[in-house]
file entry.txt (compact mmCIF, C-alpha atoms)
# COMPACT_ATOMS: atom_id res chain seq x y z
CA MET Q 16 -4.12 16.37 2.83
CA LEU Q 17 -7.21 18.48 2.11
CA LEU Q 18 -9.05 16.60 4.84
CA ALA Q 19 -6.45 17.77 7.33
CA ARG Q 20 -7.53 21.30 6.48
CA VAL Q 21 -11.30 20.83 6.68
CA LEU Q 22 -11.47 18.42 9.62
CA SER Q 23 -10.42 19.07 13.19
CA PRO Q 24 -7.09 17.48 14.21
CA ASP Q 25 -9.07 15.05 16.37
CA GLU Q 26 -11.27 13.90 13.46
CA TYR Q 27 -8.34 13.75 11.08
CA GLY Q 28 -6.45 11.65 13.63
CA VAL Q 29 -9.32 9.16 13.56
CA ILE Q 30 -9.05 9.02 9.75
CA GLY Q 31 -5.32 8.40 10.06
CA ILE Q 32 -5.76 5.53 12.50
CA ILE Q 33 -8.65 3.83 10.72
CA THR Q 34 -7.04 3.99 7.26
CA GLN Q 35 -3.96 2.28 8.67
CA LEU Q 36 -6.15 -0.33 10.39
CA ILE Q 37 -7.96 -1.00 7.10
CA SER Q 38 -4.62 -1.28 5.30
CA PHE Q 39 -3.56 -4.08 7.66
CA LEU Q 40 -6.85 -5.94 7.13
CA LEU Q 41 -6.49 -5.43 3.38
CA ILE Q 42 -3.17 -7.28 3.42
CA ILE Q 43 -4.64 -10.22 5.33
CA SER Q 44 -7.70 -10.31 3.06
CA LEU Q 45 -5.57 -10.43 -0.09
CA PHE Q 46 -3.72 -13.38 1.50
CA GLY Q 47 -0.70 -12.82 -0.71
CA TYR Q 48 -2.68 -13.42 -3.91
CA ASN Q 49 -1.91 -9.96 -5.29
CA LYS Q 50 1.73 -11.06 -5.43
CA ILE Q 51 0.89 -14.57 -6.68
CA LEU Q 52 -1.14 -13.14 -9.56
CA LEU Q 53 1.75 -10.90 -10.59
CA LYS Q 54 4.13 -13.83 -10.37
CA PHE Q 55 2.18 -16.26 -12.58
CA LEU Q 56 -0.39 -14.41 -14.71
CA PRO Q 57 2.06 -12.60 -17.07
CA ASP Q 58 3.61 -15.93 -18.13
CA PHE Q 59 0.17 -17.58 -18.44
CA PHE Q 60 -0.98 -14.72 -20.64
CA ARG Q 61 2.14 -14.82 -22.81
CA LYS Q 62 1.74 -18.57 -23.40
CA ASN Q 63 -2.05 -18.34 -23.93
CA LYS Q 64 -2.73 -20.55 -20.89
CA PHE Q 65 -6.15 -19.01 -20.33
CA LYS Q 66 -7.57 -21.87 -18.28
CA GLU Q 67 -4.75 -21.50 -15.77
CA PHE Q 68 -5.09 -17.70 -15.94
CA TYR Q 69 -8.80 -17.56 -15.17
CA ASN Q 70 -8.68 -20.36 -12.64
CA LEU Q 71 -6.02 -18.60 -10.58
CA LEU Q 72 -7.93 -15.31 -10.82
CA PHE Q 73 -11.16 -16.99 -9.68
CA GLN Q 74 -9.33 -18.59 -6.76
CA SER Q 75 -7.86 -15.23 -5.76
CA LEU Q 76 -11.21 -13.41 -5.94
CA LEU Q 77 -13.04 -16.06 -3.96
CA ILE Q 78 -10.50 -16.23 -1.14
CA SER Q 79 -9.74 -12.51 -0.84
CA ILE Q 80 -13.32 -11.24 -1.00
CA SER Q 81 -14.48 -13.89 1.49
CA LEU Q 82 -11.79 -12.80 3.94
CA ALA Q 83 -12.67 -9.12 3.41
CA LEU Q 84 -16.33 -9.83 4.20
CA PHE Q 85 -15.28 -11.67 7.35
CA PHE Q 86 -13.15 -8.77 8.57
CA ALA Q 87 -15.88 -6.27 7.73
CA ILE Q 88 -18.22 -8.18 10.03
CA ILE Q 89 -15.58 -8.33 12.77
CA LEU Q 90 -14.89 -4.61 12.49
CA ASN Q 91 -18.52 -3.68 12.88
CA THR Q 92 -19.06 -6.14 15.72
CA PHE Q 93 -16.21 -4.68 17.75
CA SER Q 94 -16.43 -1.03 16.69
CA SER Q 95 -17.35 0.09 20.22
CA ASP Q 96 -14.34 -1.73 21.66
CA ILE Q 97 -12.04 0.00 19.16
CA SER Q 98 -13.58 3.34 20.17
CA ASN Q 99 -12.91 2.54 23.82
CA LEU Q 100 -9.30 1.54 23.07
CA TYR Q 101 -8.57 4.95 21.59
CA ALA Q 102 -11.02 6.80 23.87
CA ASN Q 103 -12.81 8.28 20.87
CA ASN Q 104 -16.41 7.51 19.86
CA ASN Q 105 -15.85 8.73 16.31
CA PHE Q 106 -14.59 5.28 15.36
CA GLU Q 107 -18.12 3.86 15.61
CA ILE Q 108 -19.21 6.41 13.00
CA ALA Q 109 -16.48 5.71 10.45
CA ILE Q 110 -15.92 1.95 10.77
CA PRO Q 111 -19.13 0.79 8.95
CA ILE Q 112 -18.27 2.92 5.92
CA PHE Q 113 -14.58 2.01 5.83
CA SER Q 114 -15.41 -1.70 6.12
CA ILE Q 115 -17.22 -1.43 2.76
CA CYS Q 116 -14.13 0.34 1.38
CA LEU Q 117 -12.11 -2.71 2.45
CA ILE Q 118 -14.21 -5.08 0.33
CA LEU Q 119 -14.10 -2.80 -2.71
CA GLN Q 120 -10.35 -2.32 -2.44
CA VAL Q 121 -9.74 -6.08 -2.35
CA PHE Q 122 -11.77 -6.42 -5.54
CA ASN Q 123 -9.94 -3.49 -7.14
CA LEU Q 124 -6.46 -4.84 -6.41
CA ASN Q 125 -7.34 -8.18 -8.01
CA LEU Q 126 -8.31 -6.32 -11.18
CA VAL Q 127 -5.12 -4.23 -11.00
CA SER Q 128 -3.06 -7.44 -11.04
CA VAL Q 129 -5.01 -8.63 -14.09
CA LEU Q 130 -4.43 -5.38 -15.99
CA ILE Q 131 -0.71 -5.37 -15.21
CA SER Q 132 -0.43 -9.00 -16.29
CA ILE Q 133 -2.06 -8.33 -19.68
CA LYS Q 134 0.21 -5.31 -20.26
CA LYS Q 135 -2.33 -2.62 -19.42
CA VAL Q 136 -0.12 -1.00 -16.80
CA TRP Q 137 -1.15 2.61 -17.32
CA GLN Q 138 -4.83 1.68 -17.26
CA ALA Q 139 -4.18 -0.06 -13.93
CA ASN Q 140 -2.38 2.94 -12.43
CA ILE Q 141 -4.88 5.48 -13.71
CA SER Q 142 -7.95 3.49 -12.65
CA GLU Q 143 -6.76 2.42 -9.21
CA ARG Q 144 -4.80 5.49 -8.13
CA THR Q 145 -5.31 8.54 -10.31
CA ILE Q 146 -9.06 8.22 -10.80
CA MET Q 147 -9.61 7.38 -7.14
CA ASN Q 148 -7.64 10.37 -5.88
CA LEU Q 149 -9.21 12.71 -8.44
CA SER Q 150 -12.61 11.55 -7.23
CA TYR Q 151 -11.66 12.46 -3.66
CA LEU Q 152 -10.44 15.88 -4.78
CA LEU Q 153 -13.43 16.63 -7.00
CA VAL Q 154 -15.98 15.89 -4.28
CA LEU Q 155 -13.98 17.79 -1.67
CA PHE Q 156 -13.62 20.87 -3.88
CA LEU Q 157 -17.31 20.81 -4.74
CA LEU Q 158 -18.33 20.62 -1.09
CA MET Q 159 -15.81 23.27 -0.03
CA SER Q 160 -16.88 25.65 -2.83
CA THR Q 161 -20.50 25.53 -1.62
CA GLY Q 162 -19.46 26.30 1.94
CA PHE Q 163 -20.55 22.85 3.12
CA GLU Q 164 -19.13 21.97 6.53
CA ILE Q 165 -17.48 18.58 6.04
CA SER Q 166 -17.77 16.15 8.94
CA LEU Q 167 -16.06 12.85 9.68
CA VAL Q 168 -19.04 10.98 8.20
CA ASP Q 169 -18.84 13.03 5.00
CA ALA Q 170 -15.11 12.32 4.76
CA SER Q 171 -15.75 8.60 5.16
CA TYR Q 172 -18.32 8.63 2.35
CA ILE Q 173 -15.84 10.48 0.13
CA PHE Q 174 -13.39 7.59 0.60
CA LEU Q 175 -16.16 5.13 -0.29
CA PHE Q 176 -17.14 7.13 -3.38
CA GLY Q 177 -13.54 7.08 -4.62
CA LYS Q 178 -13.34 3.29 -4.25
CA VAL Q 179 -16.62 2.85 -6.19
CA ILE Q 180 -15.42 5.08 -9.05
CA SER Q 181 -12.12 3.19 -9.14
CA SER Q 182 -13.98 -0.14 -9.37
CA ILE Q 183 -16.03 1.15 -12.31
CA PHE Q 184 -12.97 2.31 -14.24
CA LEU Q 185 -11.07 -0.92 -13.52
CA LEU Q 186 -14.01 -2.96 -14.84
CA ILE Q 187 -14.18 -0.80 -17.97
CA SER Q 188 -10.41 -1.13 -18.53
CA SER Q 189 -10.44 -4.92 -18.15
CA ASN Q 190 -13.78 -5.50 -19.88
CA SER Q 191 -12.29 -6.65 -23.19
CA PHE Q 192 -10.43 -9.42 -21.39
CA LEU Q 193 -12.95 -10.35 -18.70
CA LYS Q 194 -15.84 -10.73 -21.16
CA LYS Q 195 -14.02 -13.75 -22.62
CA PHE Q 196 -14.31 -15.42 -19.24
CA ASN Q 197 -16.70 -18.36 -18.94
CA LEU Q 198 -17.27 -21.09 -16.36
CA ASN Q 199 -15.80 -23.73 -18.66
CA LEU Q 200 -12.39 -22.19 -18.00
CA ILE Q 201 -12.73 -22.77 -14.25
CA LYS Q 202 -11.61 -26.13 -12.88
CA PHE Q 203 -13.12 -25.45 -9.44
CA LYS Q 204 -10.07 -27.23 -8.12
CA PHE Q 205 -7.85 -24.98 -6.08
CA ILE Q 206 -4.13 -24.92 -6.71
CA ASN Q 207 -2.31 -25.40 -3.43
CA LEU Q 208 -0.51 -22.09 -3.00
CA THR Q 209 -0.92 -21.85 0.76
CA LYS Q 210 2.78 -21.82 1.54
CA SER Q 211 3.55 -19.03 -0.91
CA SER Q 212 0.42 -17.14 0.15
CA LEU Q 213 1.42 -17.23 3.79
CA TYR Q 214 4.92 -16.01 3.01
CA PHE Q 215 3.64 -13.18 0.83
CA MET Q 216 0.91 -12.17 3.26
CA SER Q 217 3.21 -12.33 6.28
CA SER Q 218 5.86 -10.31 4.46
CA ASP Q 219 3.34 -7.67 3.40
CA MET Q 220 1.90 -7.51 6.90
CA THR Q 221 5.23 -7.16 8.64
CA LEU Q 222 6.35 -4.65 6.00
CA ARG Q 223 3.21 -2.62 6.75
CA ILE Q 224 4.03 -2.81 10.46
CA LEU Q 225 7.54 -1.66 9.62
CA ALA Q 226 6.46 1.31 7.51
CA ALA Q 227 3.07 2.43 8.81
CA SER Q 228 2.35 1.24 12.35
CA SER Q 229 3.32 4.60 13.88
CA PRO Q 230 -0.16 6.20 13.80
CA LEU Q 231 -1.66 3.20 15.60
CA ILE Q 232 1.01 3.25 18.33
CA ILE Q 233 1.01 7.05 18.66
CA GLY Q 234 -2.73 6.86 19.35
CA LEU Q 235 -2.04 4.63 22.34
CA PHE Q 236 0.35 7.10 24.02
CA LEU Q 237 -0.62 10.51 22.65
CA SER Q 238 -3.87 12.27 21.70
CA THR Q 239 -5.54 11.78 18.30
CA ASP Q 240 -4.62 15.33 17.26
CA GLN Q 241 -0.95 14.30 17.59
CA VAL Q 242 -1.75 11.42 15.23
CA ALA Q 243 -3.03 14.06 12.78
CA PHE Q 244 0.22 16.03 12.95
CA TYR Q 245 2.28 12.89 12.34
CA TYR Q 246 -0.03 11.55 9.63
CA THR Q 247 0.22 14.76 7.61
CA GLY Q 248 4.03 14.50 7.55
CA PHE Q 249 3.72 10.80 6.77
CA ILE Q 250 1.42 11.39 3.78
CA LEU Q 251 3.68 14.12 2.34
CA ALA Q 252 6.82 11.99 2.79
CA ASN Q 253 5.13 9.03 1.10
CA LEU Q 254 4.75 10.85 -2.21
CA THR Q 255 7.94 8.98 -3.11
CA SER Q 256 6.36 5.64 -2.20
CA PHE Q 257 3.58 6.40 -4.63
CA LEU Q 258 6.16 6.51 -7.43
CA ILE Q 259 7.76 3.28 -6.19
CA THR Q 260 4.39 1.56 -6.54
CA MET Q 261 3.91 2.95 -10.04
CA ALA Q 262 7.45 1.90 -11.04
CA ASN Q 263 6.78 -1.62 -9.73
CA ASN Q 264 3.58 -1.81 -11.78
CA LEU Q 265 5.50 -0.74 -14.88
CA VAL Q 266 8.26 -3.36 -14.56
CA SER Q 267 6.47 -6.27 -12.86
CA ASN Q 268 5.33 -7.87 -16.11
CA LYS Q 269 8.83 -7.60 -17.57
CA ILE Q 270 10.51 -9.00 -14.45
CA SER Q 271 8.10 -11.96 -14.36
CA ILE Q 272 8.92 -12.84 -17.97
CA LEU Q 273 12.68 -12.26 -17.53
CA TYR Q 274 12.71 -14.58 -14.52
CA ALA Q 275 10.77 -17.25 -16.39
CA ASP Q 276 13.42 -17.00 -19.14
CA ASN Q 277 16.32 -17.06 -16.61
CA GLN Q 278 17.49 -13.57 -17.60
CA TYR Q 279 18.85 -12.67 -14.16
CA LYS Q 280 21.36 -10.02 -15.22
CA SER Q 281 18.64 -8.23 -17.16
CA ILE Q 282 16.54 -8.08 -13.99
CA LEU Q 283 19.37 -6.39 -12.10
CA SER Q 284 19.95 -3.98 -14.99
CA LEU Q 285 16.26 -3.09 -15.09
CA ASN Q 286 16.22 -2.50 -11.34
CA LEU Q 287 19.25 -0.21 -11.60
CA ASN Q 288 17.33 2.02 -14.01
CA VAL Q 289 14.42 2.13 -11.56
CA VAL Q 290 16.82 3.09 -8.74
CA LYS Q 291 18.26 5.99 -10.75
CA PHE Q 292 14.82 7.39 -11.47
CA LEU Q 293 13.45 6.98 -7.94
CA PHE Q 294 16.55 8.31 -6.21
CA SER Q 295 16.62 11.44 -8.38
CA PHE Q 296 12.98 12.16 -7.66
CA SER Q 297 13.31 11.42 -3.92
CA LEU Q 298 16.34 13.71 -3.62
CA LEU Q 299 14.42 16.50 -5.33
CA VAL Q 300 11.48 16.01 -2.94
CA LEU Q 301 13.79 16.11 0.09
CA ILE Q 302 15.39 19.36 -1.07
CA ILE Q 303 11.97 20.94 -1.63
CA TYR Q 304 10.78 19.91 1.83
CA ILE Q 305 13.95 21.20 3.55
CA PHE Q 306 13.54 24.67 2.07
CA PHE Q 307 9.78 24.90 1.61
CA GLY Q 308 8.42 22.32 4.06
CA GLU Q 309 7.28 24.88 6.64
CA PHE Q 310 5.56 26.92 3.94
CA ILE Q 311 3.76 23.80 2.64
CA LEU Q 312 2.67 22.78 6.15
CA SER Q 313 1.36 26.30 6.84
CA PHE Q 314 -1.50 25.34 4.50
CA TRP Q 315 -2.93 23.42 7.46
CA GLY Q 316 -2.05 25.92 10.16
CA ASP Q 317 0.69 26.90 12.60
CA GLU Q 318 0.28 23.75 14.70
CA TYR Q 319 1.20 21.58 11.72
CA VAL Q 320 4.30 23.70 11.05
CA LYS Q 321 5.32 23.32 14.68
CA TYR Q 322 4.75 19.58 15.06
CA SER Q 323 5.02 18.14 11.54
CA TYR Q 324 8.10 19.76 9.95
CA LEU Q 325 10.82 17.64 11.59
CA VAL Q 326 8.63 14.56 11.22
CA LEU Q 327 8.35 15.31 7.49
CA ILE Q 328 12.12 15.73 7.03
CA ILE Q 329 13.03 12.58 8.96
CA LEU Q 330 10.48 10.44 7.10
CA THR Q 331 11.51 11.85 3.71
CA ILE Q 332 15.15 10.94 4.42
CA GLY Q 333 13.92 7.42 5.14
CA GLU Q 334 12.06 7.40 1.82
CA LEU Q 335 15.20 8.59 0.03
CA ILE Q 336 17.06 5.53 1.33
CA ASN Q 337 14.03 3.42 0.49
CA SER Q 338 14.27 4.53 -3.15
CA ILE Q 339 17.78 3.03 -3.42
CA GLY Q 340 16.17 -0.40 -3.19
CA GLY Q 341 14.24 0.24 -6.40
CA SER Q 342 12.00 -2.71 -7.20
CA THR Q 343 13.78 -5.20 -4.94
CA GLY Q 344 10.55 -5.89 -3.04
CA LEU Q 345 8.86 -6.89 -6.28
CA ILE Q 346 11.88 -8.97 -7.33
CA ILE Q 347 11.70 -10.85 -4.02
CA SER Q 348 8.04 -11.70 -4.72
CA ILE Q 349 8.57 -12.86 -8.29
CA CYS Q 350 11.98 -14.53 -8.06
CA ASP Q 351 11.21 -17.22 -5.44
CA LEU Q 352 12.69 -15.23 -2.56
CA GLU Q 353 9.49 -15.01 -0.54
CA LYS Q 354 10.92 -17.10 2.31
CA GLN Q 355 13.99 -14.88 2.74
CA GLY Q 356 11.79 -11.82 2.23
CA PHE Q 357 9.54 -12.97 5.05
CA TYR Q 358 12.47 -13.35 7.43
CA ILE Q 359 13.86 -9.88 6.80
CA THR Q 360 10.44 -8.22 7.12
CA ILE Q 361 9.99 -9.95 10.48
CA ILE Q 362 13.32 -8.51 11.62
CA GLY Q 363 12.40 -5.06 10.32
CA ALA Q 364 8.93 -5.10 11.88
CA LEU Q 365 10.18 -6.23 15.29
CA LEU Q 366 12.85 -3.55 15.19
CA ASN Q 367 10.24 -0.95 14.29
CA ILE Q 368 7.80 -1.91 17.04
CA LEU Q 369 10.58 -1.98 19.64
CA LEU Q 370 11.84 1.44 18.58
CA GLN Q 371 8.30 2.85 18.40
CA PHE Q 372 7.49 1.91 21.99
CA ILE Q 373 10.82 3.20 23.26
CA LEU Q 374 11.15 6.40 21.23
CA ILE Q 375 7.52 7.60 21.18
CA GLN Q 376 7.39 7.64 24.97
CA ARG Q 377 10.68 9.56 25.13
CA TYR Q 378 10.53 11.87 22.12
CA GLY Q 379 6.90 11.88 20.98
CA LEU Q 380 6.31 12.40 17.26
CA ILE Q 381 10.02 12.81 16.49
CA GLY Q 382 10.65 9.44 18.11
CA ALA Q 383 7.95 7.85 15.92
CA ALA Q 384 9.55 9.29 12.77
CA LEU Q 385 13.04 8.15 13.82
CA ALA Q 386 11.78 4.65 14.60
CA THR Q 387 10.10 4.35 11.20
CA SER Q 388 13.07 5.71 9.24
CA ILE Q 389 15.68 3.57 11.04
CA SER Q 390 13.67 0.38 10.55
CA VAL Q 391 12.88 1.17 6.88
CA ILE Q 392 16.56 1.86 6.14
CA SER Q 393 17.60 -1.39 7.85
CA TYR Q 394 14.97 -3.36 5.95
CA ASN Q 395 16.02 -1.96 2.57
CA ILE Q 396 19.67 -2.82 3.17
CA MET Q 397 18.68 -6.42 3.94
CA LYS Q 398 16.31 -6.53 0.97
CA TYR Q 399 18.96 -5.36 -1.47
CA TYR Q 400 21.45 -7.86 -0.06
CA ILE Q 401 19.30 -10.96 -0.58
CA VAL Q 402 18.37 -9.93 -4.13
CA LEU Q 403 22.02 -9.39 -5.10
CA LYS Q 404 23.07 -12.60 -3.37
CA LYS Q 405 20.66 -14.72 -5.42
CA LEU Q 406 20.72 -13.05 -8.84
CA LYS Q 407 24.44 -12.28 -9.01
CA LYS Q 408 25.44 -15.89 -8.45
CA TYR Q 409 23.89 -16.75 -11.81
call {"tool": "encode", "arguments": {"input": "entry.txt", "output": "structure tokens"}}
result
Amino acid sequence: MLLARVLSPDEYGVIGIITQLISFLLIISLFGYNKILLKFLPDFFRKNKFKEFYNLLFQSLLISISLALFFAIILNTFSSDISNLYANNNFEIAIPIFSICLILQVFNLNLVSVLISIKKVWQANISERTIMNLSYLLVLFLLMSTGFEISLVDASYIFLFGKVISSIFLLISSNSFLKKFNLNLIKFKFINLTKSSLYFMSSDMTLRILAASSPLIIGLFLSTDQVAFYYTGFILANLTSFLITMANNLVSNKISILYADNQYKSILSLNLNVVKFLFSFSLLVLIIYIFFGEFILSFWGDEYVKYSYLVLIILTIGELINSIGGSTGLIISICDLEKQGFYITIIGALLNILLQFILIQRYGLIGAALATSISVISYNIMKYYIVLKKLKKY
């Protein structure tokens, strides 16, 4: 959000597009193993099955980092073509730096899954999210206080710096566990998890299309400064999603163990508590934005007030509905519902893309916000339905 103030709308639009592009490649690189680790590692750790624990972690690191390296090479090879697609040469400047961020983030998310699985949830949240964002803020404030004129390149390096600091803190937090690792615990024989990986990856990818494809599509029809106006509203509205992620990290270990012990009613009860917390917070955020949204957006200038306010309100309403689902997405991953989860994300993503292409051309940024909110609401209704259908029958 600070970058939106110090960069031009055009440069900030580039940041918005490239961060979403990297997020898609991150999902493919992880290949569903972030979900697989959370599904199996807590039970392995509880039962002291350290050979299985370390072997699965090694398999995840090898596959995900290899894929990230591959995509980093592809990104840099075709950076000029991406620039031509969006008619903006700034992509060639930022892509090399963000491709390194991709590799680091894949490594970081593997360590986050380890920390959550060994009941170090707060260390995972603080190291991967809080420390990273504080690093961004600290560097930005230091540069701004000295009167330094921040460019797109500088902004890209700030993102990279945050990822490096996050990696360091994650390694420190998991050091006591990782130092016990030795090659004798590795079988070097991969467990065949391809089917589950494909379901998880496909679900995550289509979910990302459902929730965050708007900046990429807006850039095809509108100017990059319009992407900046939308992206600012999107970031503010997604403050609620940040809490959803943290809530999932807090309960994922518990849900994994409850499912292994066939405690299905306890899972639903736990999710209901998550829903109450998230809905209360989301409602409060919506009320604040309705009354003070224009004042908040004025931080970035009159253009943001003009173009981003309605976008912000529409997206925040979508996030309010999203909060009613609680941790159902996590439950789908852990409770052997990945196949059904994949089907509903496909439906949601197709609906989103269809609405994006129709509504953006007719209503611009408002159309993009409506398309995202409608598809997110539809997806969450379907998600809640399949979770209740499976767990309630027990």
call {"tool": "atom_distance", "arguments": {"input": "entry.txt", "atom1": "CA of Phe68 in chain Q", "atom2": "CA of Lys135 in chain Q"}}
result
15.7 Å
call {"tool": "atom_distance", "arguments": {"input": "entry.txt", "atom1": "CA of Ser181 in chain Q", "atom2": "CA of Leu71 in chain Q"}}
result
22.7 Å
call {"tool": "residues_around", "arguments": {"input": "entry.txt", "residues": "range 50-60 of chain Q", "least_positions_apart": "3", "cutoff": "6 Å", "atoms": "all atoms listed in the file", "output": "count of residues only"}}
result
9
call {"tool": "axis_aligned_box", "arguments": {"input": "entry.txt", "around": "range 39-56 of chain Q", "padding_each_side": "3 Å", "output": "lines of an AutoDock Vina configuration file"}}
result
center_x = -1.8
center_y = -10.2
center_z = -3.5
size_x = 17.8
size_y = 18.2
size_z = 28.4
call {"tool": "residues_around", "arguments": {"input": "entry.txt", "residues": "Phe244 in chain Q", "least_positions_apart": "4", "cutoff": "7 Å", "atoms": "only C-alpha atoms", "output": "VMD selection string"}}
result
chain Q and resid 240 248 319 322 to 323
call {"tool": "write_last_selection", "arguments": {"input": "entry.txt", "atoms": "C-alpha atoms", "output": "mmCIF file, in the coordinates of the input"}}
result
data_model
loop_
_atom_site.group_PDB
_atom_site.id
_atom_site.type_symbol
_atom_site.label_atom_id
_atom_site.label_comp_id
_atom_site.auth_asym_id
_atom_site.auth_seq_id
_atom_site.Cartn_x
_atom_site.Cartn_y
_atom_site.Cartn_z
ATOM 1 C CA ASP Q 240 -4.620 15.330 17.260
ATOM 2 C CA GLY Q 248 4.030 14.500 7.550
ATOM 3 C CA TYR Q 319 1.200 21.580 11.720
ATOM 4 C CA TYR Q 322 4.750 19.580 15.060
ATOM 5 C CA SER Q 323 5.020 18.140 11.540
#
call {"tool": "closest_residue", "arguments": {"input": "entry.txt", "among": "Q:Leu76, Q:Ile282, Q:Val289, Q:Ile303", "to": "Leu327 in chain Q", "atoms": "all atoms listed in the file"}}
result
Q:Ile303
call {"tool": "build_atoms", "arguments": {"input": "entry.txt", "residues": "range 352-358 of chain Q", "atoms": "all heavy atoms", "output": "compact mmCIF listing (two decimals), keeping the file's coordinate frame"}}
result
# COMPACT_ATOMS: atom_id res chain seq x y z
N LEU Q 352 11.96 -15.65 -3.76
CA LEU Q 352 12.69 -15.23 -2.56
C LEU Q 352 11.74 -14.89 -1.42
O LEU Q 352 12.11 -14.20 -0.49
CB LEU Q 352 13.57 -14.01 -2.88
CG LEU Q 352 14.82 -14.26 -3.72
CD1 LEU Q 352 15.39 -12.95 -4.24
CD2 LEU Q 352 15.86 -15.02 -2.92
N GLU Q 353 10.49 -15.39 -1.54
CA GLU Q 353 9.49 -15.01 -0.54
C GLU Q 353 9.84 -15.47 0.88
O GLU Q 353 9.53 -14.79 1.86
CB GLU Q 353 8.10 -15.53 -0.92
CG GLU Q 353 8.00 -17.03 -1.14
CD GLU Q 353 8.16 -17.41 -2.61
OE1 GLU Q 353 8.83 -16.69 -3.35
OE2 GLU Q 353 7.63 -18.46 -3.00
N LYS Q 354 10.53 -16.61 0.98
CA LYS Q 354 10.92 -17.10 2.31
C LYS Q 354 11.93 -16.17 2.96
O LYS Q 354 11.77 -15.76 4.12
CB LYS Q 354 11.51 -18.51 2.19
CG LYS Q 354 11.83 -19.15 3.54
CD LYS Q 354 12.32 -20.58 3.34
CE LYS Q 354 12.64 -21.25 4.67
NZ LYS Q 354 13.10 -22.64 4.50
N GLN Q 355 12.97 -15.82 2.21
CA GLN Q 355 13.99 -14.88 2.74
C GLN Q 355 13.37 -13.50 2.98
O GLN Q 355 13.70 -12.81 3.94
CB GLN Q 355 15.15 -14.76 1.75
CG GLN Q 355 15.95 -16.03 1.57
CD GLN Q 355 15.46 -16.88 0.40
OE1 GLN Q 355 14.26 -17.01 0.17
NE2 GLN Q 355 16.40 -17.47 -0.32
N GLY Q 356 12.47 -13.09 2.06
CA GLY Q 356 11.79 -11.82 2.23
C GLY Q 356 10.96 -11.76 3.49
O GLY Q 356 10.91 -10.74 4.18
N PHE Q 357 10.33 -12.89 3.83
CA PHE Q 357 9.54 -12.97 5.05
C PHE Q 357 10.42 -12.79 6.29
O PHE Q 357 10.08 -12.05 7.21
CB PHE Q 357 8.82 -14.31 5.11
CG PHE Q 357 8.18 -14.60 6.43
CD1 PHE Q 357 7.14 -13.81 6.91
CD2 PHE Q 357 8.62 -15.66 7.21
CE1 PHE Q 357 6.55 -14.08 8.14
CE2 PHE Q 357 8.04 -15.93 8.43
CZ PHE Q 357 7.00 -15.14 8.89
N TYR Q 358 11.58 -13.44 6.28
CA TYR Q 358 12.47 -13.35 7.43
C TYR Q 358 12.96 -11.92 7.68
O TYR Q 358 13.00 -11.44 8.81
CB TYR Q 358 13.68 -14.28 7.25
CG TYR Q 358 13.34 -15.75 7.31
CD1 TYR Q 358 14.06 -16.69 6.57
CD2 TYR Q 358 12.30 -16.20 8.11
CE1 TYR Q 358 13.75 -18.05 6.62
CE2 TYR Q 358 11.97 -17.55 8.17
CZ TYR Q 358 12.69 -18.46 7.42
OH TYR Q 358 12.38 -19.79 7.48
